[in-house]
Amino acid sequence: MEQLTQDFLRTKKLPHIWCPGCGNGIVTAALVRAIERTGFEQKDVVIVSGIGCSSRAAGYLNFNTLHTTHGRALAFATGLKMARPELKLFVIMGDGDCSAIGGNHFIHSARRNLDLNAIVVNNHIYGMTGGQHSPLTPTGKKATTAPRGTLEPAFDILELAKGAGATFGAKGTAAQPRQLEQLIQRAANHKGFSVVEALSTCPIAYGRRNKLGGAVDMLKEMKEKSISVERAAKVDESELEGKTLTGVLYSIDAPEYSEEYYKSIGKEIG
Amino acid sequence: MPESKPVLMQGNEACAVGAINAGVRFYAGYPITPSTEVAEQMAAKLPDLGGVFIQMEDEIASMAAVIGASIGGMRTLTATSGPGFSLKQENLGFAIMAEIPCVIVNVQRMGPSTGVPTAPAQGDVMQARWGTHGDHPIIVFAPSSVYESYYLTIAAVNLSQKLRQPIIVLLDEVIGHMREKVTIPEGKLMVERSSDKTVPADYKPYDEKGITPLVPFGFGHYYHVTGLFHDQYGFPTGDPPQVERALDRIHEKLEKYRDEIVLTNYIGHKEPRVAIVTYGCTVRSARAVVKKAYWQNRMPVGLLSLQTVWPFPAKEVEELAKQADVIIVPEMNMGQLVGEVERYAGSEAKVIPLNRYDGEMISPDQISEEVGRWL
C-alpha cells in the first residue's frame, strides 16, 4: 500500500491517543486515502466529528476540522453544509455517538438527504469511557454496564439509515482497509446522505472483556466473517450464514437537500 | 439619519427584522410558544434574501446548526423559549468555548418545566447566566419594548461578531407578543464582521493577544475547532497554565469591551430616595410609576432600567445606591436578579424584592404601593 499523503495529516499532532490494536488508525488512514482519490481540493474538505475515541481523528487531519459535542456532529454539519453547500463534509462518529445520543440527528439527516458523508466507526462499545454497551453492541456481549451481557438488541445502523431515507449505505471493516477506502470514496462521490459503517476493533474495552483475543485475532475474525456483496452473489446461500455483508448495500438517486433548497430560492451554489 | 414611516410591529417580529437588517442570513430553529413568530418571520423573509431557513429536528440541533453555519461565515440567529433554551445550553457552551458568534432569542414563559406556555414570566434570568456548565462569560440583553427588541437584536448581532461571543436576547412573553409602533431608521445597520479572509499565513484563531477574526471554513486556513480547552491554533490541551490562560482570555474580552456591552437607562429624580431597578416588560410598569411620582409630582423617585442584565451592570447599580436609600427590584419571578442588586447595592441602600409569579404582569399599582411605603 502506498504512503499516506502527508499534506492531509497534522504530523506534529502525532502520535495519536488511540490504544495499541485500535482500529481507528486504519479507518482514519482509509479516509485520508479516499479523500485523496476523490481529487477534492484540500480547502474544500471539512472533517466534522462528535465525541469519542474515533472522533479524535479530526484533530489529526489537516483540513478545516470541527470537533463538536457528543452526538451532535451531524447537526453542526447540517448548518455548515447549508451555509456553504460547495464544501465537502465528512462526518466521523462512533457507534454510541451516532446511534444513541445522536440518534435523532442521524435519522433526520438521512431523511433530509443532505449531501453529508457519515462515517460510523463501529467498535461495538464506548471506548473512551472504558467500555459501556452501545446500541450497536451485539446482544449477549459484555460491557462494564452489562457485566452479564447486554439484553438489548442492536440496531442495524445501515438499515436504520435506509428506512429513514439515506440514499447510500456501505459497510467495510478495519480488516479490509483497501475496500473501506473505496467505499468511502464512492460515498463521497454520491450526491445525498451517505453512511459508511466501518467495523472496527477495540481490543482493550471490548475484546478483552468478551474474550475475543488480541487485536490480530479480532481483525482475523472480522475478515473471516465478512463477505463482499459481489462475492455473496456468486456463492451458495448456505455459505452466507453468520457472515456480514460488506460493500455498497444500497445506492439510490434522490433529490439532494441543499441543491433543492438553493434551487428553490433561485440562488447558485458556490 | 432619514427615518422611514412608523409601522405596527410585534416584539418577536422586531427581533426577526432587526436580525435581518444586521445581516443575519441563516436561521435554524424548532417551534415553541411564545417564540414561534420569530421562526415564521425568518421562514417568510430569508429565502427572498438568498438566506437559509431550516427547521431542525430539535432545539439541540438548531443550536448546533447555527454554530455550523457561523463557522461557514454566515451571521446566524435562533429563537426559543425556556424549555427549548434548556436544551440549547449544551451547544451554547460550545459556542462560548470555541468563540463562534451567534444570537439566541429566548422569549421567556412561565416555568418551571412546561409551566404555563402562554403566560409571561422572567424566570430565565439565571438560566441565561448559568444554564450551561463551567465558568463561562455571557452577554444577555433584555428589551423592554418592541423598538428595543429591534435595536438590541441588531446590537447583539454586531457585538457577537465583533467579540466572537454568543449573545442572548432575553424577551418575555409580553414584549414578544406585544404590538407597538416602531420607527425603523434607514441606513446601514450592519457593522463589519470580525472575520476577514486576508489574515497572516500563521493564522491563530485563538490568539493570546486578543480577538482575532474568524476566518470561515473553506478558505485554506486549516485550523481546528473544539469544545475542549485549546491552544492558539485550536488544538486540544490539558496543560494547566494554558487552560487557565484560555479561560481568562474569554472572560477578559467582555471586561475589555464592557462599555459597549453594558447598556442601562436612568429616568427620574437626580437624587432619588427610592429607586427601582428592573428589566424587560416590568420596566413598563415601573416607568408608569416614575411618570406619575416624578414627572407629575416631583417626588424623589427614579428608575434604572437594564437593557443588559449580564454581565450585571454593577457599576451603575453601585452609583445608584450612593443616592438612593431604598432600591426596589420588581421581577416576574421569585427573585433572581435581586441577589445581584443586593450584592452591589446592599451596603449602601436597602434592597427590596417585589415579585409576582402567577403568570400575570406586575402592575404599576403594585410598584407604586411599594414605592409609597418608603417615601
# chains A, B, ... in the order shown; residues from 1 in each chain; ligands from 1

call {"tool": "select_by_dssp", "arguments": {"residues": "region 189-243 of chain A", "states": "strand (DSSP E)", "output": "mmCIF file with N, CA and C atoms, in the first residue's frame"}}
result
data_model
loop_
_atom_site.group_PDB
_atom_site.id
_atom_site.type_symbol
_atom_site.label_atom_id
_atom_site.label_comp_id
_atom_site.auth_asym_id
_atom_site.auth_seq_id
_atom_site.Cartn_x
_atom_site.Cartn_y
_atom_site.Cartn_z
ATOM 1 N N SER A 194 -24.921 9.902 2.747
ATOM 2 C CA SER A 194 -24.321 8.575 2.657
ATOM 3 C C SER A 194 -23.805 8.139 4.018
ATOM 4 N N VAL A 195 -23.908 6.838 4.258
ATOM 5 C CA VAL A 195 -23.406 6.269 5.505
ATOM 6 C C VAL A 195 -22.439 5.145 5.169
ATOM 7 N N VAL A 196 -21.244 5.233 5.730
ATOM 8 C CA VAL A 196 -20.319 4.107 5.646
ATOM 9 C C VAL A 196 -20.115 3.604 7.068
ATOM 10 N N GLU A 197 -20.521 2.364 7.290
ATOM 11 C CA GLU A 197 -20.280 1.763 8.596
ATOM 12 C C GLU A 197 -18.934 1.056 8.519
ATOM 13 N N ALA A 198 -18.001 1.525 9.337
ATOM 14 C CA ALA A 198 -16.669 0.923 9.342
ATOM 15 C C ALA A 198 -16.523 0.091 10.612
ATOM 16 N N LEU A 199 -16.568 -1.222 10.459
ATOM 17 C CA LEU A 199 -16.407 -2.086 11.634
ATOM 18 C C LEU A 199 -14.970 -1.973 12.117
ATOM 19 N N SER A 226 -16.653 -11.697 7.226
ATOM 20 C CA SER A 226 -17.259 -10.786 6.253
ATOM 21 C C SER A 226 -17.170 -11.348 4.843
ATOM 22 N N ILE A 227 -18.127 -10.974 4.044
ATOM 23 C CA ILE A 227 -18.137 -11.371 2.635
ATOM 24 C C ILE A 227 -18.684 -10.200 1.827
ATOM 25 N N SER A 228 -18.032 -9.905 0.726
ATOM 26 C CA SER A 228 -18.472 -8.741 -0.051
ATOM 27 C C SER A 228 -19.771 -9.069 -0.786
#

call {"tool": "closest_atom_pairs", "arguments": {"of": "chain B", "to": "chain A", "cutoff": "10 Å", "atoms": "only C-alpha atoms", "output": "Markdown table"}}
result
| residue | atom | partner | partner_atom | distance |
| --- | --- | --- | --- | --- |
| B:Arg25 | CA | A:Ala83 | CA | 8.9 |
| B:Phe26 | CA | A:Ala83 | CA | 7.4 |
| B:Tyr27 | CA | A:Gly79 | CA | 9.2 |
| B:Ala28 | CA | A:Gly79 | CA | 7.9 |
| B:Leu46 | CA | A:Ile265 | CA | 9.2 |
| B:Pro47 | CA | A:Ile265 | CA | 5.5 |
| B:Asp48 | CA | A:Ile265 | CA | 6.6 |
| B:Leu49 | CA | A:Ile265 | CA | 8.5 |
| B:Gly50 | CA | A:Ile265 | CA | 6.4 |
| B:Gly51 | CA | A:Ala83 | CA | 8.4 |
| B:Val52 | CA | A:Met82 | CA | 7.0 |
| B:Phe53 | CA | A:Met82 | CA | 9.1 |
| B:Ile54 | CA | A:Gly79 | CA | 8.5 |
| B:Met56 | CA | A:Ala75 | CA | 8.3 |
| B:Glu57 | CA | A:His108 | CA | 6.7 |
| B:Asp58 | CA | A:Asn104 | CA | 8.4 |
| B:Ile60 | CA | A:Arg72 | CA | 7.9 |
| B:Ala61 | CA | A:Ala75 | CA | 5.0 |
| B:Ser62 | CA | A:Ala75 | CA | 7.5 |
| B:Met63 | CA | A:Phe76 | CA | 8.2 |
| B:Ala64 | CA | A:Phe76 | CA | 4.6 |
| B:Ala65 | CA | A:Gly79 | CA | 3.8 |
| B:Val66 | CA | A:Gly79 | CA | 5.9 |
| B:Ile67 | CA | A:Phe76 | CA | 6.5 |
| B:Gly68 | CA | A:Leu80 | CA | 4.3 |
| B:Ala69 | CA | A:Leu80 | CA | 4.3 |
| B:Ser70 | CA | A:Leu80 | CA | 7.4 |
| B:Ile71 | CA | A:Leu80 | CA | 6.8 |
| B:Gly72 | CA | A:Leu80 | CA | 5.4 |
| B:Gly73 | CA | A:Ala83 | CA | 7.7 |
| B:Met74 | CA | A:Ala83 | CA | 6.7 |
| B:Arg75 | CA | A:Ala83 | CA | 9.8 |
| B:Thr76 | CA | A:Gly79 | CA | 9.9 |
| B:Glu90 | CA | A:Thr69 | CA | 7.9 |
| B:Asn91 | CA | A:Thr69 | CA | 7.1 |
| B:Gly93 | CA | A:Thr69 | CA | 9.7 |
| B:Phe94 | CA | A:Thr69 | CA | 7.3 |
| B:Ala95 | CA | A:Thr68 | CA | 9.9 |
| B:Ala98 | CA | A:Thr68 | CA | 9.7 |
| B:Pro216 | CA | A:Asn64 | CA | 9.2 |
| B:Phe217 | CA | A:Asn64 | CA | 5.9 |
| B:Gly218 | CA | A:Lys43 | CA | 5.1 |
| B:Phe219 | CA | A:Lys43 | CA | 5.9 |
| B:Gly220 | CA | A:Lys43 | CA | 4.7 |
| B:His221 | CA | A:Asn64 | CA | 7.0 |
| B:Tyr222 | CA | A:Asn64 | CA | 4.5 |
| B:Tyr223 | CA | A:Asn64 | CA | 5.6 |
| B:His224 | CA | A:Thr65 | CA | 4.9 |
| B:Val225 | CA | A:Leu66 | CA | 4.8 |
| B:Thr226 | CA | A:His67 | CA | 4.7 |
| B:Gly227 | CA | A:Thr68 | CA | 6.6 |
| B:Leu228 | CA | A:His67 | CA | 8.6 |
| B:Gly234 | CA | A:Gly59 | CA | 9.3 |
| B:Phe235 | CA | A:Gly59 | CA | 7.0 |
| B:Pro236 | CA | A:Gly59 | CA | 8.2 |

call {"tool": "select_by_dssp", "arguments": {"residues": "region 90-128 of chain A", "states": "alpha helix (DSSP H)", "output": "ChimeraX atom specification"}}
result
/A:95-96,103-112

call {"tool": "write_last_selection", "arguments": {"atoms": "C-alpha atoms", "output": "tab-separated table (two decimals), in the first residue's frame"}}
result
chain	number	residue	atom	x	y	z
A	95	ASP	CA	-21.33	3.85	17.30
A	96	GLY	CA	-22.58	5.30	20.58
A	103	GLY	CA	-29.80	9.01	17.01
A	104	ASN	CA	-32.30	11.76	16.34
A	105	HIS	CA	-29.85	13.82	14.28
A	106	PHE	CA	-28.83	10.68	12.41
A	107	ILE	CA	-32.33	9.72	11.22
A	108	HIS	CA	-33.24	13.30	10.33
A	109	SER	CA	-30.01	13.80	8.39
A	110	ALA	CA	-30.91	10.66	6.47
A	111	ARG	CA	-34.44	11.92	5.89
A	112	ARG	CA	-33.30	15.29	4.50

call {"tool": "residues_around", "arguments": {"residues": "Ala39 (chain B)", "least_positions_apart": "2", "cutoff": "10 Å", "atoms": "only C-alpha atoms", "output": "list in words"}}
result
Asn12, Glu13, Ala16, Tyr27, Ala28, Gly29, Tyr30, Pro31, Ile32, Ser35, Thr36, Glu37, Gln41, Met42, Ala43, Ala44, Lys45, Phe53, Ile54, Gln55, Leu77, Thr78, Ala79 and Thr80 of chain B

call {"tool": "write_last_selection", "arguments": {"atoms": "C-alpha atoms", "output": "compact mmCIF listing (two decimals), in the first residue's frame"}}
result
# COMPACT_ATOMS: atom_id res chain seq x y z
CA ASN B 12 -40.90 38.78 18.05
CA GLU B 13 -41.21 40.24 14.57
CA ALA B 16 -36.52 38.90 13.13
CA TYR B 27 -31.86 30.73 10.89
CA ALA B 28 -32.26 27.28 12.40
CA GLY B 29 -34.98 26.65 14.93
CA TYR B 30 -37.65 24.45 16.42
CA PRO B 31 -41.24 25.54 17.10
CA ILE B 32 -42.05 26.66 20.65
CA SER B 35 -41.27 32.45 20.23
CA THR B 36 -42.57 30.76 17.08
CA GLU B 37 -43.27 34.05 15.26
CA GLN B 41 -40.87 35.62 10.02
CA MET B 42 -37.47 34.21 9.12
CA ALA B 43 -39.05 31.42 7.07
CA ALA B 44 -41.02 34.01 5.13
CA LYS B 45 -38.22 36.51 4.59
CA PHE B 53 -34.05 28.89 6.88
CA ILE B 54 -34.10 25.39 8.28
CA GLN B 55 -36.44 23.82 10.80
CA LEU B 77 -29.94 33.51 14.70
CA THR B 78 -32.10 31.02 16.57
CA ALA B 79 -35.09 31.61 18.82
CA THR B 80 -36.74 29.58 21.55

call {"tool": "decode", "arguments": {"residues": "region 58-88 of chain B", "atoms": "N, CA and C atoms", "output": "PDB file, in the first residue's frame"}}
result
ATOM      1  N   ASP B  58     -34.771  19.228  16.513  1.00  0.00           N
ATOM      2  CA  ASP B  58     -34.959  19.597  17.915  1.00  0.00           C
ATOM      3  C   ASP B  58     -34.149  20.857  18.227  1.00  0.00           C
ATOM      4  N   GLU B  59     -34.255  21.297  19.466  1.00  0.00           N
ATOM      5  CA  GLU B  59     -33.586  22.538  19.879  1.00  0.00           C
ATOM      6  C   GLU B  59     -32.063  22.372  19.909  1.00  0.00           C
ATOM      7  N   ILE B  60     -31.628  21.178  20.277  1.00  0.00           N
ATOM      8  CA  ILE B  60     -30.185  20.914  20.351  1.00  0.00           C
ATOM      9  C   ILE B  60     -29.586  21.064  18.958  1.00  0.00           C
ATOM     10  N   ALA B  61     -30.262  20.453  17.985  1.00  0.00           N
ATOM     11  CA  ALA B  61     -29.795  20.504  16.601  1.00  0.00           C
ATOM     12  C   ALA B  61     -29.841  21.926  16.058  1.00  0.00           C
ATOM     13  N   SER B  62     -30.843  22.694  16.460  1.00  0.00           N
ATOM     14  CA  SER B  62     -30.956  24.079  15.986  1.00  0.00           C
ATOM     15  C   SER B  62     -29.738  24.885  16.408  1.00  0.00           C
ATOM     16  N   MET B  63     -29.365  24.715  17.657  1.00  0.00           N
ATOM     17  CA  MET B  63     -28.208  25.444  18.181  1.00  0.00           C
ATOM     18  C   MET B  63     -26.939  24.982  17.459  1.00  0.00           C
ATOM     19  N   ALA B  64     -26.835  23.679  17.233  1.00  0.00           N
ATOM     20  CA  ALA B  64     -25.669  23.127  16.533  1.00  0.00           C
ATOM     21  C   ALA B  64     -25.592  23.657  15.102  1.00  0.00           C
ATOM     22  N   ALA B  65     -26.731  23.691  14.424  1.00  0.00           N
ATOM     23  CA  ALA B  65     -26.758  24.121  13.023  1.00  0.00           C
ATOM     24  C   ALA B  65     -26.349  25.585  12.900  1.00  0.00           C
ATOM     25  N   VAL B  66     -26.804  26.386  13.860  1.00  0.00           N
ATOM     26  CA  VAL B  66     -26.460  27.805  13.860  1.00  0.00           C
ATOM     27  C   VAL B  66     -24.938  27.978  14.008  1.00  0.00           C
ATOM     28  N   ILE B  67     -24.348  27.198  14.872  1.00  0.00           N
ATOM     29  CA  ILE B  67     -22.895  27.274  15.071  1.00  0.00           C
ATOM     30  C   ILE B  67     -22.174  26.823  13.796  1.00  0.00           C
ATOM     31  N   GLY B  68     -22.659  25.736  13.207  1.00  0.00           N
ATOM     32  CA  GLY B  68     -22.065  25.231  11.967  1.00  0.00           C
ATOM     33  C   GLY B  68     -22.099  26.283  10.866  1.00  0.00           C
ATOM     34  N   ALA B  69     -23.248  26.958  10.729  1.00  0.00           N
ATOM     35  CA  ALA B  69     -23.387  27.978   9.688  1.00  0.00           C
ATOM     36  C   ALA B  69     -22.490  29.178   9.969  1.00  0.00           C
ATOM     37  N   SER B  70     -22.328  29.516  11.250  1.00  0.00           N
ATOM     38  CA  SER B  70     -21.431  30.627  11.611  1.00  0.00           C
ATOM     39  C   SER B  70     -19.996  30.305  11.233  1.00  0.00           C
ATOM     40  N   ILE B  71     -19.614  29.054  11.430  1.00  0.00           N
ATOM     41  CA  ILE B  71     -18.264  28.633  11.058  1.00  0.00           C
ATOM     42  C   ILE B  71     -18.099  28.713   9.537  1.00  0.00           C
ATOM     43  N   GLY B  72     -19.213  28.569   8.836  1.00  0.00           N
ATOM     44  CA  GLY B  72     -19.195  28.726   7.380  1.00  0.00           C
ATOM     45  C   GLY B  72     -19.165  30.186   6.941  1.00  0.00           C
ATOM     46  N   GLY B  73     -19.307  31.106   7.917  1.00  0.00           N
ATOM     47  CA  GLY B  73     -19.186  32.517   7.594  1.00  0.00           C
ATOM     48  C   GLY B  73     -20.488  33.295   7.562  1.00  0.00           C
ATOM     49  N   MET B  74     -21.603  32.663   7.944  1.00  0.00           N
ATOM     50  CA  MET B  74     -22.877  33.387   7.935  1.00  0.00           C
ATOM     51  C   MET B  74     -23.177  34.006   9.289  1.00  0.00           C
ATOM     52  N   ARG B  75     -23.948  35.088   9.282  1.00  0.00           N
ATOM     53  CA  ARG B  75     -24.492  35.628  10.530  1.00  0.00           C
ATOM     54  C   ARG B  75     -25.752  34.835  10.850  1.00  0.00           C
ATOM     55  N   THR B  76     -25.885  34.417  12.097  1.00  0.00           N
ATOM     56  CA  THR B  76     -26.919  33.433  12.414  1.00  0.00           C
ATOM     57  C   THR B  76     -27.777  33.819  13.618  1.00  0.00           C
ATOM     58  N   LEU B  77     -28.999  33.273  13.601  1.00  0.00           N
ATOM     59  CA  LEU B  77     -29.942  33.507  14.698  1.00  0.00           C
ATOM     60  C   LEU B  77     -30.739  32.230  14.960  1.00  0.00           C
ATOM     61  N   THR B  78     -31.117  32.031  16.226  1.00  0.00           N
ATOM     62  CA  THR B  78     -32.097  31.016  16.571  1.00  0.00           C
ATOM     63  C   THR B  78     -32.971  31.596  17.666  1.00  0.00           C
ATOM     64  N   ALA B  79     -34.185  31.097  17.783  1.00  0.00           N
ATOM     65  CA  ALA B  79     -35.090  31.610  18.824  1.00  0.00           C
ATOM     66  C   ALA B  79     -35.785  30.451  19.509  1.00  0.00           C
ATOM     67  N   THR B  80     -36.108  30.648  20.778  1.00  0.00           N
ATOM     68  CA  THR B  80     -36.740  29.581  21.548  1.00  0.00           C
ATOM     69  C   THR B  80     -37.434  30.165  22.773  1.00  0.00           C
ATOM     70  N   SER B  81     -37.909  29.276  23.647  1.00  0.00           N
ATOM     71  CA  SER B  81     -38.437  29.693  24.945  1.00  0.00           C
ATOM     72  C   SER B  81     -37.843  28.757  26.004  1.00  0.00           C
ATOM     73  N   GLY B  82     -38.128  29.042  27.272  1.00  0.00           N
ATOM     74  CA  GLY B  82     -37.485  28.357  28.397  1.00  0.00           C
ATOM     75  C   GLY B  82     -37.132  26.887  28.220  1.00  0.00           C
ATOM     76  N   PRO B  83     -38.121  26.010  27.933  1.00  0.00           N
ATOM     77  CA  PRO B  83     -37.786  24.580  27.811  1.00  0.00           C
ATOM     78  C   PRO B  83     -36.779  24.311  26.685  1.00  0.00           C
ATOM     79  N   GLY B  84     -36.946  25.018  25.580  1.00  0.00           N
ATOM     80  CA  GLY B  84     -36.012  24.859  24.463  1.00  0.00           C
ATOM     81  C   GLY B  84     -34.652  25.455  24.772  1.00  0.00           C
ATOM     82  N   PHE B  85     -34.682  26.526  25.547  1.00  0.00           N
ATOM     83  CA  PHE B  85     -33.432  27.189  25.934  1.00  0.00           C
ATOM     84  C   PHE B  85     -32.588  26.234  26.784  1.00  0.00           C
ATOM     85  N   SER B  86     -33.272  25.453  27.617  1.00  0.00           N
ATOM     86  CA  SER B  86     -32.551  24.447  28.423  1.00  0.00           C
ATOM     87  C   SER B  86     -31.807  23.479  27.511  1.00  0.00           C
ATOM     88  N   LEU B  87     -32.473  23.069  26.425  1.00  0.00           N
ATOM     89  CA  LEU B  87     -31.845  22.119  25.503  1.00  0.00           C
ATOM     90  C   LEU B  87     -30.697  22.746  24.711  1.00  0.00           C
ATOM     91  N   LYS B  88     -30.748  24.027  24.525  1.00  0.00           N
ATOM     92  CA  LYS B  88     -29.690  24.698  23.763  1.00  0.00           C
ATOM     93  C   LYS B  88     -28.417  24.908  24.572  1.00  0.00           C
TER      94      LYS B  88
END
